[in-house]
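To keep things clear, I will list the structure first and then write my remarks on it.
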Amino acid sequence: MRIAYLDRTVHETDGEPKPNGGVSTLPKSIDLQGSVETGDKTTIASKDFGGLYSTKPLALIKPAGSDDVSRVIKAASRIPRMTVAARGNGHSINGQAMTNGGLVIDMRSTEENHFRLLNINGSFFIDVSGGALWENVLTRCVSGFGLAPRSWTDYLSLTVGGTLSNAGVSGQAFRYGPQISNVTELEIITGKGDITVCSETRNPELFFGSLGGLGQFGIITRAMVKLQPAPDMVRWIRVVYTEFDEFTRDAEFLVSRDDGESFDYVEGFVFCNNDDPVNGWPSVPLDPVHGFNQGIIPQTGASVLYCLEVAFHYQKDDHPSNVDKAVAGLLKPLRFVEGLKSQVDLSYVEFLLRVKRAEEQAKANGIWDDPHPWLNLFISKSDIVDFDQTVFKKMVKDGIGGPMLIYPLMRSKWDNRTSVALPDSEIFYLVALLRFVSRGPSVEESVAQNREIVEWCIKEGLDFKQYLPHYQSKEEWKRHFGNQWTRFVERKASFDPMAILAPGQNIFKRTHLS
């Protein structure tokens with residue numbers, strides 16, 4: 001069908017279109033198979049999960065497929081300063097998927113375009129739409145084929161294209177790398193509107209640039225993802241530490257072990273040494289019936305404690321005694337507090353959808369739509385003790401109203417050809433401060449504290465990077481990318497020379513690439 005656009009005015013002096021100023025006219029029509037929504041129907045695209053920004057687009061495009069995405073980008077290129085943002089499930093934190101007065105492309109409308117199992121030389125892959133949600137990929141792959149992707153995020157109501165544009169990290173990444181290390185082919189619509197298939201050997205600069213590329217080089221419309229046999233069951237275990245050095249020693253020991261000699265999932269979090277229902281003792285037990293026996297905590301316990309969270313995969317027909325023996329063997333070298341262990345057995349799908357249940361509870365309690373001034377960092381192993389001493393034990397020792405994650409990752413599992421900026425050390429930590437403001441500090445206090453943490457990291461010379469970064473100046477972005485900056489700019493010039501894409505990242509302004 002032929003979709004008509006309304007005329008509009010464009011302010012010519014800012015980096016993005018504005019509703020007032022000089023006049024520019026969109027094409028009277030673009031031949032799309034999908035639909036275009038304007039006015040009040042664009043409201044959903046004017047906000048995101050972070051809830052910190054609100055920016056109204058000119059139109060919300062619901063493409064039928066790659067051809068529509070290509071046509072929209074090409075049309076935008078003919079309008080001075082017009083920009084295009086791809087929106088997945090709206091889970092960005094700092095307005096990264098927004099555009100002020102530009103065009104937002106709703107990739108969820110393309111979810112059903114691709115879903116095909118491939119067997120290539122005995123290895124299995126799923127060819128899936130960039131607009132598909134990972135939770136749907138999980139359930140369809142497991143129920144239909146008994147297979148599953150190898151690497152995940154904790155929360156799965158995210159689109160394939162969205163996480164691949166960042167990295168995609170969870171407790172399996174120490175073994176298989178992030179999600180961007182587990183994809184072999186992409187279809188991308190570049191900033192020129194070109195529909196391009198790419199891989200390690202075919203258009204490799206676009207392939208590696210787009211993986212972790214923050215949407216700067218193109219919109220991912222299709223991905224070929226590695227699969228492996230899915231286990232039936234998971235034993236999910238939490239153990240508690242009072243000493244940070246013992247917690248990190250055990251976590252690093254587990255992620256450094258060979259395949260088959262460790263757990264299948266390793267994460268961790270910091271919690272307050274008090275009865276706070278959100279960040280204290282009650283947040284730890286997996287089986288709330290048994291509660292948390294704080295009387296076991298040694299007197300040396302400080303203001304915060306540490307929980308190591310691990311999981312062991314097994315099959316339904318594995319004898320329970322064999323599962324018990326294997327888990328006991330993996331736990332034996334660890335130096336957690338005896339008596340502070342919690343565990344449950346659940347299906348593999350239930351385990352991977354564990355945050356979905358938390359989401360449902362948060363929605364029922366009315367806090368899911370809170371602003372979420374989250375901060376995600378990668379911190380080098382060499383600096384994590386200093387970070388603990390200053391940030392965990394001082395700045396956030398009273399909690400933040402949400403989880404405070406910390407767990408180690410292995411740099412060797414990441415491909416340095418991608419666009420992701422990482423610390424230099426082989427072992428580095430993901431630190432995530434996942435705030436819900438109705439349960440903790442206000443938005444203003446949270447944003448200020450996040451800024452204070454980042455500024456402290458810079459001042460002290462820590463080897464760190466922001467994950468899901470969002471900066472306001474070119475200088476900050478240069479510091480973030482370091483010696484990768486020139487490569488990043490060159491890729492941008494090659495694939496989106498007019499800087500049409502991802503304006504919400506504040507990296508480049510339309511037509512200004514210097």
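Each chain in the structure tokens gets a letter, A, B and so on, in the order shown; residues start at 1 in every chain, and ligands are counted from 1 in the order they appear.
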Query raised in the report: Got a sec to tell me which of region 251-402 of chain A DSSP assigns to strand (DSSP E or B), as a PyMOL selection string?
Result: chain A and resi 265-272+304-314+341-347+375-380
Query raised in the report: Neighbours of Phe495 (chain A) within 12 Å (only C-alpha atoms; same-chain residues fewer than 5 positions away dropped), as a PyMOL selection string?
Result: chain A and resi 188-196+203+205-207+209-210+213+215-219+488-490+500-501
Report task. Run DSSP on the backbone and grab whatever in region 214-252 of chain A lands in helix (DSSP H, G or I); send it over as a PyMOL selection string. Result -> chain A and resi 244-252
Could you give me, as JSON lines, every region 111-223 of chain A residue with an atom at most 12 Å from region 298-321 of chain A, plus its closest atom pair and distance in Å to one decimal, counting only C-alpha atoms, rows ordered by chain then number?
```
{"residue": "A:Gly146", "atom": "CA", "partner": "A:Gln315", "partner_atom": "CA", "distance": 11.8}
{"residue": "A:Ser170", "atom": "CA", "partner": "A:Val310", "partner_atom": "CA", "distance": 11.6}
{"residue": "A:Gly171", "atom": "CA", "partner": "A:Val310", "partner_atom": "CA", "distance": 8.1}
{"residue": "A:Gln172", "atom": "CA", "partner": "A:Ala311", "partner_atom": "CA", "distance": 9.7}
```
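Closest approach to Asp370 (chain A) from the set A:Gly401, A:Gly162, A:Gly130, A:Gly50 is made by A:Gly50, with distances taken over only C-alpha atoms.
Here the question is which of A:Arg222, A:Arg357, A:Arg238, A:Lys394 gets nearest to Cys272 (chain A) using only C-alpha atoms, and that residue is A:Lys394.
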Report task. Quick one: everything within 9 Å of Ser151 (chain A), counting only C-alpha atoms, minus sequence neighbours fewer than 5 positions away in the same chain. Send it as an MDAnalysis selection string. Result -> chainID A and resid 168:173 175:182 226
If you keep N, CA, C and O atoms, can you produce a file of those selected residues as a compact mmCIF listing (two decimals), in the first residue's frame?
```txt
# COMPACT_ATOMS: atom_id res chain seq x y z
N GLY A 168 24.92 -8.07 24.76
CA GLY A 168 24.12 -9.19 25.23
C GLY A 168 24.89 -10.04 26.22
O GLY A 168 25.59 -10.96 25.83
N VAL A 169 24.74 -9.72 27.51
CA VAL A 169 25.57 -10.33 28.55
C VAL A 169 24.71 -10.95 29.64
O VAL A 169 23.72 -10.37 30.07
N SER A 170 25.12 -12.13 30.10
CA SER A 170 24.49 -12.77 31.24
C SER A 170 25.48 -13.77 31.82
O SER A 170 26.67 -13.75 31.48
N GLY A 171 24.98 -14.66 32.67
CA GLY A 171 25.86 -15.58 33.39
C GLY A 171 26.46 -16.68 32.56
O GLY A 171 27.28 -17.46 33.08
N GLN A 172 26.09 -16.81 31.28
CA GLN A 172 26.72 -17.79 30.40
C GLN A 172 27.89 -17.21 29.62
O GLN A 172 28.64 -17.94 28.96
N ALA A 173 28.06 -15.88 29.68
CA ALA A 173 29.05 -15.22 28.82
C ALA A 173 30.48 -15.60 29.16
O ALA A 173 31.36 -15.52 28.30
N ARG A 175 31.58 -18.45 29.50
CA ARG A 175 31.90 -19.67 28.75
C ARG A 175 31.77 -19.46 27.24
O ARG A 175 32.64 -19.87 26.47
N TYR A 176 30.68 -18.87 26.82
CA TYR A 176 30.40 -18.76 25.38
C TYR A 176 30.63 -17.36 24.83
O TYR A 176 30.49 -17.14 23.62
N GLY A 177 30.97 -16.43 25.68
CA GLY A 177 31.06 -15.05 25.24
C GLY A 177 29.68 -14.41 25.22
O GLY A 177 28.66 -15.07 25.46
N PRO A 178 29.60 -13.11 24.95
CA PRO A 178 28.30 -12.43 24.87
C PRO A 178 27.52 -12.90 23.65
O PRO A 178 28.02 -13.68 22.82
N GLN A 179 26.32 -12.42 23.51
CA GLN A 179 25.51 -12.83 22.36
C GLN A 179 26.16 -12.45 21.04
O GLN A 179 26.02 -13.17 20.05
N ILE A 180 26.91 -11.35 21.01
CA ILE A 180 27.55 -10.94 19.76
C ILE A 180 28.67 -11.89 19.35
O ILE A 180 29.14 -11.84 18.20
N SER A 181 29.10 -12.77 20.25
CA SER A 181 30.09 -13.80 19.89
C SER A 181 29.42 -15.08 19.43
O SER A 181 30.11 -16.08 19.17
N ASN A 182 28.10 -15.07 19.33
CA ASN A 182 27.35 -16.28 19.01
C ASN A 182 26.41 -16.09 17.84
O ASN A 182 25.40 -16.77 17.72
N LYS A 226 23.86 -19.14 16.81
CA LYS A 226 24.29 -20.49 17.13
C LYS A 226 23.36 -21.14 18.16
O LYS A 226 22.92 -20.48 19.11
```
Query raised in the report: Got a sec: who's within 12 Å of Gln449 (chain A), counting only C-alpha atoms, leaving out chain neighbours fewer than 6 positions off, as a list of chain:residue names?
Result: A:Pro373, A:Trp374, A:Leu375, A:Val391, A:Lys394, A:Met395, A:Val396, A:Ile400, A:Leu433, A:Arg435, A:Pro441, A:Ser442, A:Val443, A:Glu455, A:Trp456
Kindly export the residues of the current selection with all heavy atoms, as a compact mmCIF listing (two decimals), in the first residue's frame.
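Ended up saving to result.txt:
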```
# COMPACT_ATOMS: atom_id res chain seq x y z
N PRO A 373 16.98 4.90 36.40
CA PRO A 373 18.31 5.48 36.13
C PRO A 373 19.41 4.45 36.41
O PRO A 373 20.13 4.53 37.39
CB PRO A 373 18.36 6.66 37.10
CG PRO A 373 17.46 6.26 38.23
CD PRO A 373 16.38 5.41 37.64
N TRP A 374 19.52 3.47 35.52
CA TRP A 374 20.45 2.37 35.71
C TRP A 374 21.86 2.77 35.26
O TRP A 374 22.04 3.60 34.38
CB TRP A 374 19.99 1.14 34.93
CG TRP A 374 18.76 0.50 35.50
CD1 TRP A 374 18.00 0.95 36.55
CD2 TRP A 374 18.12 -0.70 35.03
NE1 TRP A 374 16.95 0.10 36.78
CE2 TRP A 374 16.99 -0.92 35.87
CE3 TRP A 374 18.40 -1.61 34.01
CZ2 TRP A 374 16.14 -2.02 35.69
CZ3 TRP A 374 17.55 -2.71 33.83
CH2 TRP A 374 16.44 -2.90 34.67
N LEU A 375 22.82 2.11 35.86
CA LEU A 375 24.22 2.31 35.48
C LEU A 375 24.87 0.94 35.31
O LEU A 375 24.81 0.10 36.21
CB LEU A 375 24.97 3.10 36.56
CG LEU A 375 26.47 3.33 36.31
CD1 LEU A 375 26.69 4.20 35.07
CD2 LEU A 375 27.13 3.97 37.53
N VAL A 391 32.65 2.32 46.21
CA VAL A 391 31.27 2.38 45.71
C VAL A 391 30.34 1.50 46.55
O VAL A 391 29.36 1.99 47.13
CB VAL A 391 31.20 1.99 44.22
CG1 VAL A 391 29.75 2.00 43.74
CG2 VAL A 391 32.04 2.96 43.39
N LYS A 394 30.66 2.28 50.49
CA LYS A 394 30.42 3.66 50.93
C LYS A 394 29.25 4.31 50.18
O LYS A 394 28.24 4.66 50.78
CB LYS A 394 31.69 4.50 50.75
CG LYS A 394 32.85 4.05 51.65
CD LYS A 394 34.10 4.89 51.40
CE LYS A 394 35.25 4.42 52.28
NZ LYS A 394 36.50 5.19 52.02
N MET A 395 29.39 4.45 48.86
CA MET A 395 28.40 5.22 48.12
C MET A 395 27.01 4.57 48.12
O MET A 395 25.99 5.26 48.26
CB MET A 395 28.86 5.42 46.68
CG MET A 395 30.07 6.32 46.52
SD MET A 395 30.41 6.61 44.75
CE MET A 395 31.91 7.58 44.83
N VAL A 396 26.93 3.25 47.95
CA VAL A 396 25.62 2.60 47.83
C VAL A 396 25.39 1.59 48.96
O VAL A 396 24.60 0.66 48.81
CB VAL A 396 25.45 1.92 46.45
CG1 VAL A 396 25.54 2.94 45.33
CG2 VAL A 396 26.49 0.81 46.24
N ILE A 400 20.01 0.70 46.71
CA ILE A 400 19.63 1.58 45.60
C ILE A 400 18.19 1.38 45.16
O ILE A 400 17.75 1.97 44.19
CB ILE A 400 20.57 1.38 44.39
CG1 ILE A 400 20.49 -0.06 43.88
CG2 ILE A 400 22.00 1.77 44.74
CD1 ILE A 400 21.17 -0.29 42.56
N LEU A 433 23.95 -1.39 38.45
CA LEU A 433 23.13 -0.81 39.51
C LEU A 433 21.74 -0.57 38.91
O LEU A 433 21.53 0.39 38.16
CB LEU A 433 23.75 0.50 40.01
CG LEU A 433 25.20 0.39 40.51
CD1 LEU A 433 25.69 1.74 41.00
CD2 LEU A 433 25.32 -0.66 41.61
N ARG A 435 18.28 0.40 39.41
CA ARG A 435 17.49 1.17 40.36
C ARG A 435 16.00 1.21 39.99
O ARG A 435 15.65 1.38 38.82
CB ARG A 435 18.02 2.59 40.44
CG ARG A 435 19.49 2.72 40.77
CD ARG A 435 19.96 4.15 40.59
NE ARG A 435 21.40 4.32 40.77
CZ ARG A 435 21.98 4.68 41.91
NH1 ARG A 435 21.22 4.86 42.98
NH2 ARG A 435 23.28 4.83 41.98
N PRO A 441 16.54 5.86 46.25
CA PRO A 441 16.75 7.29 46.04
C PRO A 441 15.93 7.82 44.87
O PRO A 441 15.58 7.08 43.96
CB PRO A 441 18.26 7.39 45.77
CG PRO A 441 18.84 6.16 46.40
CD PRO A 441 17.81 5.09 46.23
N SER A 442 15.67 9.12 44.87
CA SER A 442 14.90 9.75 43.80
C SER A 442 15.66 9.70 42.48
O SER A 442 16.84 9.36 42.43
CB SER A 442 14.61 11.21 44.16
OG SER A 442 15.82 11.96 44.15
N VAL A 443 14.96 10.09 41.40
CA VAL A 443 15.61 10.14 40.09
C VAL A 443 16.81 11.07 40.12
O VAL A 443 17.91 10.72 39.67
CB VAL A 443 14.61 10.61 39.00
CG1 VAL A 443 15.34 10.85 37.69
CG2 VAL A 443 13.52 9.57 38.81
N GLU A 455 32.50 9.69 37.49
CA GLU A 455 33.56 10.69 37.65
C GLU A 455 34.64 10.21 38.59
O GLU A 455 35.83 10.49 38.38
CB GLU A 455 32.94 12.00 38.14
CG GLU A 455 32.10 12.70 37.08
CD GLU A 455 31.39 13.93 37.61
OE1 GLU A 455 31.45 14.17 38.84
OE2 GLU A 455 30.78 14.66 36.80
N TRP A 456 34.26 9.46 39.62
CA TRP A 456 35.27 8.89 40.53
C TRP A 456 36.14 7.88 39.78
O TRP A 456 37.37 7.86 39.95
CB TRP A 456 34.59 8.22 41.73
CG TRP A 456 35.56 7.49 42.61
CD1 TRP A 456 36.36 8.04 43.58
CD2 TRP A 456 35.87 6.10 42.58
NE1 TRP A 456 37.14 7.06 44.16
CE2 TRP A 456 36.86 5.87 43.56
CE3 TRP A 456 35.41 5.03 41.82
CZ2 TRP A 456 37.39 4.60 43.80
CZ3 TRP A 456 35.93 3.76 42.05
CH2 TRP A 456 36.91 3.56 43.03
```
